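Colleague: Take a look at this one; I'll ask things after.
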Amino acid sequence: MESFAHKRSAPLILLEETESTNTLLKKMAMEGAVPGTVVAARRQTSGRGRMGRSFVSPEGGLYLSMLLEPPFSPQDNLSLTPCTAVAAVRAVKRLCGIEPDIKWPNDLLLEGKKLCGILCESLFFQERQFVILGLGLNLNTEAHAFPEELGDLACSLFTQLGKSFPADEALAVLICELDEMYARWLCDRGCFLDEYRRKCISCGRDVLLIKDGASLCAFAEGIDENYAISVRYPDGRRESIYTGEVSLR
Ligand code: BTN
């Protein structure tokens with residue numbers, strides 16, 4: 001398995017601004033970029049989020065994408081998303097000593113406000129299967145840089161801790177944690193389960209589940225061995241949800 005892990009000699013491309021680091025890296029993968037390549041930007045003009053949403057990406061944040069070529073099935077690769085959240089929690093802890101919470105599957109929250117979003121996208125190209133792992137961390141973003149409607153929902157390390165952090169150090173720490181997570185995940189996809197369960201605040205409570213476009217009330221019972229969230233509906237039916245979103249009720 002070790003041989004599938006990329007080498008950190010892969011290119012690191014630093015940009016002031018791009019449309020979306022995920023979109024750019026996807027194009028680069030189709031033009032021959034090697035696994036492990038990272039694209040990072042200080043601003044995105046069309047940052048993309050999960051479920052077709054946009055991801056507001058102003059100055060002050062750190063936006064990065066890493067190209068991976070995992071050897072597993074698309075279903076097995078789904079666990080990369082929650083494992084990336086664990087890597088991001090570890091990186092934030094290394095940077096500032098504080099451990100954010102995880103909202104299933106992969107939002108990082110500080111005091112209930114979103115600090116970091118993760119978008120893992122698959123690319124099937126010339127019989128190869130890539131994953132573009134994208135992460136946006138609100139590092140030094142000032143409160144006024146978030147649009148008004150996100151005022152109470154988003155935060156940055158700067159807004160919460162009142163000090164700024166060097167972006168190059170944050171980038172290096174994030175890349176290091178992502179590389180380590182990926183190398184370990186290749187050997188054992190379940191190895192982050194305990195840590196994920198400990199950090200995930202979505203369980204043991206009533207949630208609103210958004211699944212295939214529908215909103216459903218449910219009780220979140222726990223995280224199963226595939227990092228899926230196990231829910232119980234009011235009629236007693238149980239289900240494991242692999243992709244979707246929960247909001248806390
Ligand atoms: C979400 O919260 O819905 C996911 C947000 C993911 C944002 C990151 S920023 C870097 C990469 N490029 C993108 O366009 N999106 C991801």
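We label chains A, B, ... in the order they appear in the structure tokens, count residues from 1 in each chain, and number ligands from 1 in the order shown.
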Within 8 Å of ligand 1 (counting only C-alpha atoms and all ligand atoms), which residues show up? I'd like them as an MDAnalysis selection string.
Modeller: chainID A and resid 19:23 40 44 46:51 53:55 57 62:65 106:107 116:120 133:137
Colleague: Need to verify the contact set: range 71-88 of chain A, 9 Å, only C-alpha atoms, exclusion of same-chain residues closer than 3 positions in sequence. Can you return it as a count of residues only?
Modeller: 45
Colleague: Quick one: residues within 8 Å of Val173 in chain A, only C-alpha atoms, excluding same-chain residues fewer than 2 positions away - as an MDAnalysis selection string?
Modeller: chainID A and resid 91 94:95 169:171 175:177
Colleague: For those residues, write N, CA and C atoms to a file as a short mmCIF file (atom, residue, chain, number, x, y, z; two decimals), in the first residue's frame.
Modeller:
data_model
loop_
_atom_site.label_atom_id
_atom_site.label_comp_id
_atom_site.auth_asym_id
_atom_site.auth_seq_id
_atom_site.Cartn_x
_atom_site.Cartn_y
_atom_site.Cartn_z
N ALA A 91 -4.38 20.09 12.10
CA ALA A 91 -3.59 21.23 11.62
C ALA A 91 -3.94 22.49 12.43
N ARG A 94 -2.35 22.35 15.76
CA ARG A 94 -0.92 22.65 15.72
C ARG A 94 -0.66 24.15 15.57
N LEU A 95 -1.55 24.81 14.83
CA LEU A 95 -1.36 26.25 14.57
C LEU A 95 -1.67 27.12 15.78
N GLU A 169 2.95 29.39 7.00
CA GLU A 169 3.06 28.35 8.03
C GLU A 169 1.79 27.50 8.05
N ALA A 170 0.65 28.17 7.96
CA ALA A 170 -0.63 27.43 7.97
C ALA A 170 -0.69 26.46 6.79
N LEU A 171 -0.22 26.92 5.64
CA LEU A 171 -0.25 26.07 4.44
C LEU A 171 0.66 24.86 4.64
N ILE A 175 -0.62 20.97 4.66
CA ILE A 175 -0.13 19.99 3.68
C ILE A 175 0.49 18.79 4.42
N CYS A 176 1.22 19.09 5.46
CA CYS A 176 1.87 18.03 6.23
C CYS A 176 0.83 17.10 6.86
N GLU A 177 -0.22 17.66 7.44
CA GLU A 177 -1.26 16.83 8.06
C GLU A 177 -2.05 16.05 7.00
#
Colleague: In Å, rounded to a single decimal, give me how far CA of Glu142 in chain A is from CA of Phe158 in chain A.
Modeller: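 That distance, rounded to one decimal, is 6.8 Å.
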Colleague: In Å, how far is it from CA of Glu69 in chain A to CA of Arg42 in chain A?
Modeller: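 That distance, rounded to one decimal, is 25.4 Å.
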Colleague: In Å, how far is it from CA of Pro234 in chain A to CA of Cys200 in chain A?
Modeller: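 One can read the CA of Pro234 in chain A to CA of Cys200 in chain A distance as 22.3 Å.
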Colleague: Of the candidates A:Glu225, A:Glu17, A:Glu31, A:Glu239, which one gets nearest to Phe125 in chain A if we count only C-alpha atoms?
Modeller: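 For Phe125 in chain A, the nearest of the given residues is A:Glu31.
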Colleague: Of the candidates A:Arg43, A:Arg237, A:Val246, A:Gly204, which shows the shortest atom-to-atom distance to Glu221 in chain A, using only C-alpha atoms?
Modeller: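 Counting only C-alpha atoms, the residue closest to Glu221 in chain A is A:Gly204.
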Colleague: For Ala143 in chain A, list every protein, DNA or RNA residue within 10 Å, evaluated using only C-alpha atoms, and leave out those in the same chain fewer than 3 positions away; present the list as a list in words.
Modeller: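 Selected residues are Asn140, Phe146, Pro147, Glu148, Leu150, Gly151, Asp152, Ala154, Cys155, Ser156, Phe158, Thr159 and Gln160 of chain A.
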Colleague: Using DSSP assignments from the backbone, pull out every residue in range 92-249 of chain A that falls under alpha helix (DSSP H) and give it to me as number ranges by chain.
Modeller: A: 92-96, 157-161, 167-187, 193-199
Colleague: Mind checking which residues fall within 9 Å of Leu12 in chain A, counting only C-alpha atoms, ignoring those fewer than 5 positions away in the same chain, and posting them as a list in words?
Modeller: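 Counting only C-alpha atoms, the residues come to Gly36, Thr37, Val38, Val39 and Ala40 of chain A.
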Colleague: Quick check for you: according to DSSP on this backbone, which residues of range 52-244 of chain A are classed as strand (DSSP E)? Reply as a PyMOL selection string.
Modeller: chain A and resi 62-68+101-103+107-110+113-125+128-137+205-211+214-223+229-232+238-241
Colleague: Find the residue from A:Glu149, A:Glu16, A:Glu245, A:Asp194 that sits nearest to Cys217 in chain A; use only C-alpha atoms when measuring.
Modeller: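 The shortest atom-to-atom distance to Cys217 in chain A comes from A:Glu245.
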